[in-house]
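Heads up: the structure comes next, in structure tokens.
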Amino acid sequence: MPQITFPDLTIPLGSTILVTGANGLIASHVVDQFLATGYNVRGTVRNLEKCAWLKPLFASRHPSRHFEIVQVSDFGAPGAWDAAIKGVSGVASVAGGAGLDIQDIDKALEEEFPWNEALLRAAKNEPSVKSFIYTSSAWAAWTPDPTKKTKLTEWSYNEDAIRIVRSDIPPEKKGMLSYMAFKALLEQRIWDWVKSENPSFSFNTILPITVIGECLDTKNSGSLSTCGMVKWVLDGVNLGILAKIPAQWHVDTRDTGLLYVAAMITPGVNRERLFAFGDRYSWPRVAQILRELYPGKNVPVLEDDGWDQTEVPNERAGELLRGLGQNRWTSLEDSVKACAESFLRP
């Protein structure tokens, strides 16, 4: 259980927190850490039947806490969030609708922003809501490139991706830059809404980088996530895909979930962008760690593609984690070990 080191909480223990997209890798750890800290959680999913595994998972991990799931199938439907948000004290907005293969960012923005605005407005209209956290992306701030020395600030946005995507280069050459530009522009729109509407609740965004670590349910939330990529290395599959991913940063799954708790309940945290960056990583380094952990397995050697040189503003997020008794970010070695053990345990 996290050790709270400050006397006054923004949200009292025992209150209910809404976590959207509770079946996802990040959101499942957000749920887990809120329950571990002493909160109750209401999670939204698109399909109750497909996500029925969540109830027994959290009942076994946190038998003294209350976890419920509600179905929100159509994020954009009128009043979609009204029932889910009723009576909650905080909102962790983790669910996203857009995939990595975005081609038309303007169309994607017109689809994604309205339902995010609807959730924000529902929170504004619910008197019980004291805090709201929106999940952005590290890629909203910058494009990883291990050949460049870059210094990010709290308010860095990926203007390079936006410029390139807005240019006349062919769509097939834009690749992941379209998704990066979309995340930057969407977060900017959401901040514009917050500044214009000035809701009474505290509002912060969290920008997670590649998430690696323990997977709470490898079958239902692990194999299709970044944790699943660690298993690719163990199994020696999809190595061509991994070779295209440049060296950058990672963050541990548990650290990520705990940061949401810290940002929501720590007094004085408001209107901040929190960078969930724990340690540098590359897939060749992940493979090396796995070979050291499991010398009996035939873990492949991946060609070294350099090491990230980016300076990131993760000090504030680290400070918030220390407020819950965690003195440092989890190392890449520990995250990879926890991830691998999740997939290898019977």
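Following the order of the structure tokens, first chain is A, next is B, and so on, with residues numbered from 1 inside each chain and ligands from 1 in the order they appear.
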
DSSP-assigned helix (DSSP H, G or I) among stretch 96-333 of chain A, expressed as a ChimeraX atom specification: /A:105-124,138-140,159-165,171-173,177-197,218-222,226-235,239-243,253-265,283-293,315-322,332-333

Generate the output file for the selected residues, C-alpha atoms, as a CSV table (one decimal), in the first residue's frame.
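Now in again_26.csv:
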chain,number,residue,atom,x,y,z
A,105,ILE,CA,-5.7,14.4,-38.1
A,106,ASP,CA,-8.4,17.0,-38.5
A,107,LYS,CA,-11.1,14.4,-38.9
A,108,ALA,CA,-9.6,12.6,-35.9
A,109,LEU,CA,-9.7,15.8,-33.8
A,110,GLU,CA,-13.3,16.4,-34.8
A,111,GLU,CA,-14.2,12.9,-33.6
A,112,GLU,CA,-12.1,12.9,-30.4
A,113,PHE,CA,-12.4,16.3,-28.9
A,114,PRO,CA,-16.2,16.6,-28.6
A,115,TRP,CA,-16.5,13.5,-26.4
A,116,ASN,CA,-13.6,14.6,-24.3
A,117,GLU,CA,-15.3,18.0,-23.9
A,118,ALA,CA,-18.5,16.2,-23.0
A,119,LEU,CA,-16.6,14.3,-20.2
A,120,LEU,CA,-15.0,17.5,-18.9
A,121,ARG,CA,-18.4,19.3,-18.9
A,122,ALA,CA,-20.1,16.4,-17.1
A,123,ALA,CA,-17.3,16.7,-14.5
A,124,LYS,CA,-17.8,20.5,-14.3
A,138,ALA,CA,4.9,11.7,-24.4
A,139,TRP,CA,4.7,12.0,-28.1
A,140,ALA,CA,2.5,15.1,-27.8
A,159,GLU,CA,5.6,21.3,-33.1
A,160,ASP,CA,7.9,19.4,-35.5
A,161,ALA,CA,5.4,16.7,-36.0
A,162,ILE,CA,2.6,19.2,-36.5
A,163,ARG,CA,4.6,21.1,-39.1
A,164,ILE,CA,5.5,18.0,-41.0
A,165,VAL,CA,2.0,16.6,-41.0
A,171,PRO,CA,0.8,10.5,-46.3
A,172,GLU,CA,2.8,7.3,-46.4
A,173,LYS,CA,5.9,9.3,-45.4
A,177,LEU,CA,4.1,11.6,-37.0
A,178,SER,CA,0.3,11.9,-37.7
A,179,TYR,CA,-0.5,10.3,-34.4
A,180,MET,CA,2.0,12.5,-32.6
A,181,ALA,CA,0.7,15.7,-34.1
A,182,PHE,CA,-2.9,14.6,-33.3
A,183,LYS,CA,-2.0,14.0,-29.6
A,184,ALA,CA,-0.3,17.4,-29.4
A,185,LEU,CA,-3.2,19.3,-31.0
A,186,LEU,CA,-5.8,17.4,-28.9
A,187,GLU,CA,-4.1,18.2,-25.7
A,188,GLN,CA,-3.8,21.8,-26.7
A,189,ARG,CA,-7.5,22.0,-27.4
A,190,ILE,CA,-8.3,20.4,-24.0
A,191,TRP,CA,-6.1,23.0,-22.2
A,192,ASP,CA,-7.8,25.7,-24.2
A,193,TRP,CA,-11.2,24.4,-22.9
A,194,VAL,CA,-9.9,24.3,-19.3
A,195,LYS,CA,-8.6,27.9,-19.5
A,196,SER,CA,-11.8,29.2,-21.1
A,197,GLU,CA,-14.3,27.3,-18.8
A,218,THR,CA,-1.5,-10.9,-19.5
A,219,LYS,CA,-4.3,-12.5,-21.4
A,220,ASN,CA,-6.7,-9.5,-21.4
A,221,SER,CA,-4.5,-6.4,-21.1
A,222,GLY,CA,-1.0,-7.5,-21.8
A,226,THR,CA,3.8,-2.4,-25.0
A,227,CYS,CA,4.3,-5.0,-22.3
A,228,GLY,CA,3.5,-7.6,-25.0
A,229,MET,CA,6.5,-6.3,-26.9
A,230,VAL,CA,8.7,-7.5,-24.1
A,231,LYS,CA,7.3,-11.0,-24.8
A,232,TRP,CA,8.0,-10.5,-28.5
A,233,VAL,CA,11.7,-10.2,-27.5
A,234,LEU,CA,11.5,-13.3,-25.3
A,235,ASP,CA,9.9,-15.3,-28.1
A,239,LEU,CA,11.8,-8.1,-34.4
A,240,GLY,CA,11.5,-6.1,-37.5
A,241,ILE,CA,8.8,-4.0,-35.9
A,242,LEU,CA,10.9,-3.4,-32.8
A,243,ALA,CA,13.9,-2.4,-35.0
A,253,THR,CA,3.4,0.3,-15.0
A,254,ARG,CA,3.1,0.7,-11.3
A,255,ASP,CA,4.8,4.0,-11.3
A,256,THR,CA,2.3,5.2,-13.9
A,257,GLY,CA,-0.7,4.2,-11.9
A,258,LEU,CA,0.7,5.7,-8.7
A,259,LEU,CA,1.4,9.0,-10.4
A,260,TYR,CA,-2.3,9.4,-11.1
A,261,VAL,CA,-3.1,8.9,-7.5
A,262,ALA,CA,-0.4,11.3,-6.4
A,263,ALA,CA,-1.5,14.0,-8.9
A,264,MET,CA,-5.1,13.7,-7.8
A,265,ILE,CA,-4.8,13.7,-4.0
A,283,TRP,CA,14.8,-2.7,-27.4
A,284,PRO,CA,18.4,-3.9,-27.8
A,285,ARG,CA,18.9,-3.1,-24.2
A,286,VAL,CA,15.7,-4.9,-23.2
A,287,ALA,CA,16.9,-7.9,-25.1
A,288,GLN,CA,20.3,-7.7,-23.2
A,289,ILE,CA,18.5,-7.6,-19.8
A,290,LEU,CA,16.4,-10.6,-20.8
A,291,ARG,CA,19.4,-12.6,-21.8
A,292,GLU,CA,21.0,-11.8,-18.4
A,293,LEU,CA,17.8,-12.8,-16.6
A,315,GLU,CA,11.3,16.0,-11.6
A,316,ARG,CA,7.9,17.2,-10.5
A,317,ALA,CA,6.3,13.8,-11.2
A,318,GLY,CA,9.1,12.1,-9.2
A,319,GLU,CA,8.5,14.5,-6.4
A,320,LEU,CA,4.8,13.5,-6.3
A,321,LEU,CA,5.7,9.8,-6.2
A,322,ARG,CA,7.9,10.5,-3.2
A,332,LEU,CA,14.4,-0.4,-16.7
A,333,GLU,CA,16.0,-3.6,-15.4

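Among the residues of stretch 96-276 of chain A, backbone DSSP assigns strand (DSSP E or B) to A:Ser131, A:Phe132, A:Ile133, A:Tyr134, A:Thr135, A:Lys151, A:Ser202, A:Phe203, A:Asn204, A:Thr205, A:Ile206, A:Leu207, A:Pro208, A:Thr210, A:Val211, A:Ile212, A:Gln248, A:Trp249, A:His250, A:Val251, A:Asp252, A:Glu272, A:Arg273, A:Leu274, A:Phe275, A:Ala276.
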
Could you dump the residues just selected with C-alpha atoms as a PDB file, in the first residue's frame?
ATOM      1  CA  SER A 131      -9.918  16.681  -9.480  1.00  0.00           C
ATOM      2  CA  PHE A 132      -9.603  15.675 -13.142  1.00  0.00           C
ATOM      3  CA  ILE A 133      -6.593  14.068 -14.860  1.00  0.00           C
ATOM      4  CA  TYR A 134      -6.388  13.795 -18.627  1.00  0.00           C
ATOM      5  CA  THR A 135      -4.062  11.253 -20.238  1.00  0.00           C
ATOM      6  CA  LYS A 151      15.736  19.546 -23.802  1.00  0.00           C
ATOM      7  CA  SER A 202      -8.062  20.837 -10.251  1.00  0.00           C
ATOM      8  CA  PHE A 203      -6.953  19.804 -13.729  1.00  0.00           C
ATOM      9  CA  ASN A 204      -3.691  18.178 -14.797  1.00  0.00           C
ATOM     10  CA  THR A 205      -2.409  16.122 -17.703  1.00  0.00           C
ATOM     11  CA  ILE A 206      -0.105  13.116 -17.521  1.00  0.00           C
ATOM     12  CA  LEU A 207       2.163  12.287 -20.455  1.00  0.00           C
ATOM     13  CA  PRO A 208       3.192   8.613 -20.274  1.00  0.00           C
ATOM     14  CA  THR A 210       6.465   3.626 -23.320  1.00  0.00           C
ATOM     15  CA  VAL A 211       4.941   1.667 -20.424  1.00  0.00           C
ATOM     16  CA  ILE A 212       6.734  -1.523 -19.329  1.00  0.00           C
ATOM     17  CA  GLN A 248      13.752   6.717 -25.938  1.00  0.00           C
ATOM     18  CA  TRP A 249      12.368   6.563 -22.378  1.00  0.00           C
ATOM     19  CA  HIS A 250      10.140   4.129 -20.535  1.00  0.00           C
ATOM     20  CA  VAL A 251       7.995   4.274 -17.406  1.00  0.00           C
ATOM     21  CA  ASP A 252       7.026   1.422 -15.126  1.00  0.00           C
ATOM     22  CA  GLU A 272       0.341  21.064 -14.508  1.00  0.00           C
ATOM     23  CA  ARG A 273       1.700  18.747 -17.196  1.00  0.00           C
ATOM     24  CA  LEU A 274       3.342  15.751 -15.532  1.00  0.00           C
ATOM     25  CA  PHE A 275       5.916  13.773 -17.496  1.00  0.00           C
ATOM     26  CA  ALA A 276       5.769  10.043 -16.695  1.00  0.00           C
TER      27      ALA A 276
END

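Considering only C-alpha atoms, the residue among A:Ala83, A:Pro127, A:Val88, A:Phe201 positioned nearest to A:Val269 is A:Phe201.
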
Which of A:Gly79, A:Gly268, A:Gly87, A:Gly325 sits closest to A:Thr10 [using only C-alpha atoms]: A:Gly268

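Closest to A:Val41 among A:Leu18, A:Leu54, A:Leu25, A:Leu302 is A:Leu18, based on only C-alpha atoms.
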
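Taking atom CA of A:Arg271 and atom CA of A:Ala95 as endpoints, the distance between them is 20.2 Å.
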
Who sits within 9 Å of A:Gly96, only C-alpha atoms, same chain under 2 positions skipped, as a PyMOL selection string: chain A and resi 20-21+93-94+98-99+112+135

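Of note, atom CA of A:Thr150 and atom CA of A:Asn314 are spaced 14.2 Å apart.
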
Test item: residues at most 12 Å from A:Thr16, only C-alpha atoms, excluding those fewer than 5 positions along its chain, as a list in words: Ile11, Val31, Phe34, Leu35, Thr37, Gly38, Tyr39, Asn40, Val41, Arg42, Gly43, Arg65, His66, Phe67, Glu68, Ala84, Ile85, Lys86, Gly87, Val88, Ser89, Gly90, Val91, Ala92, Ser128, Val129, Lys130 and Ser131 of chain A

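For A:Ala36, the residues within 9 Å (counting only C-alpha atoms, excluding itself and residues fewer than 6 positions away along the chain) are Met1, Pro2, Arg61, His62 and Arg65 of chain A.
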
Atoms kept (N, CA, C and O atoms) for selection, written as an mmCIF file, in the first residue's frame:
data_model
loop_
_atom_site.group_PDB
_atom_site.id
_atom_site.type_symbol
_atom_site.label_atom_id
_atom_site.label_comp_id
_atom_site.auth_asym_id
_atom_site.auth_seq_id
_atom_site.Cartn_x
_atom_site.Cartn_y
_atom_site.Cartn_z
ATOM 1 N N MET A 1 0.839 -1.195 0.000
ATOM 2 C CA MET A 1 0.000 0.000 0.000
ATOM 3 C C MET A 1 0.875 1.246 0.000
ATOM 4 O O MET A 1 1.830 1.338 0.756
ATOM 5 N N PRO A 2 0.575 2.225 -0.886
ATOM 6 C CA PRO A 2 1.345 3.469 -0.883
ATOM 7 C C PRO A 2 1.314 4.144 0.480
ATOM 8 O O PRO A 2 0.295 4.116 1.174
ATOM 9 N N ARG A 61 -7.327 -8.836 -5.474
ATOM 10 C CA ARG A 61 -6.189 -8.004 -5.087
ATOM 11 C C ARG A 61 -6.524 -7.034 -3.960
ATOM 12 O O ARG A 61 -5.659 -6.694 -3.155
ATOM 13 N N HIS A 62 -7.790 -6.601 -3.899
ATOM 14 C CA HIS A 62 -8.186 -5.584 -2.914
ATOM 15 C C HIS A 62 -9.569 -5.928 -2.342
ATOM 16 O O HIS A 62 -10.551 -5.229 -2.609
ATOM 17 N N ARG A 65 -11.911 -3.233 -0.667
ATOM 18 C CA ARG A 65 -12.307 -2.037 -1.411
ATOM 19 C C ARG A 65 -13.415 -2.372 -2.399
ATOM 20 O O ARG A 65 -13.650 -3.549 -2.718
#

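Pairwise distance (atom CA of A:Arg166, atom CA of A:Asp104) equals 10.2 Å.
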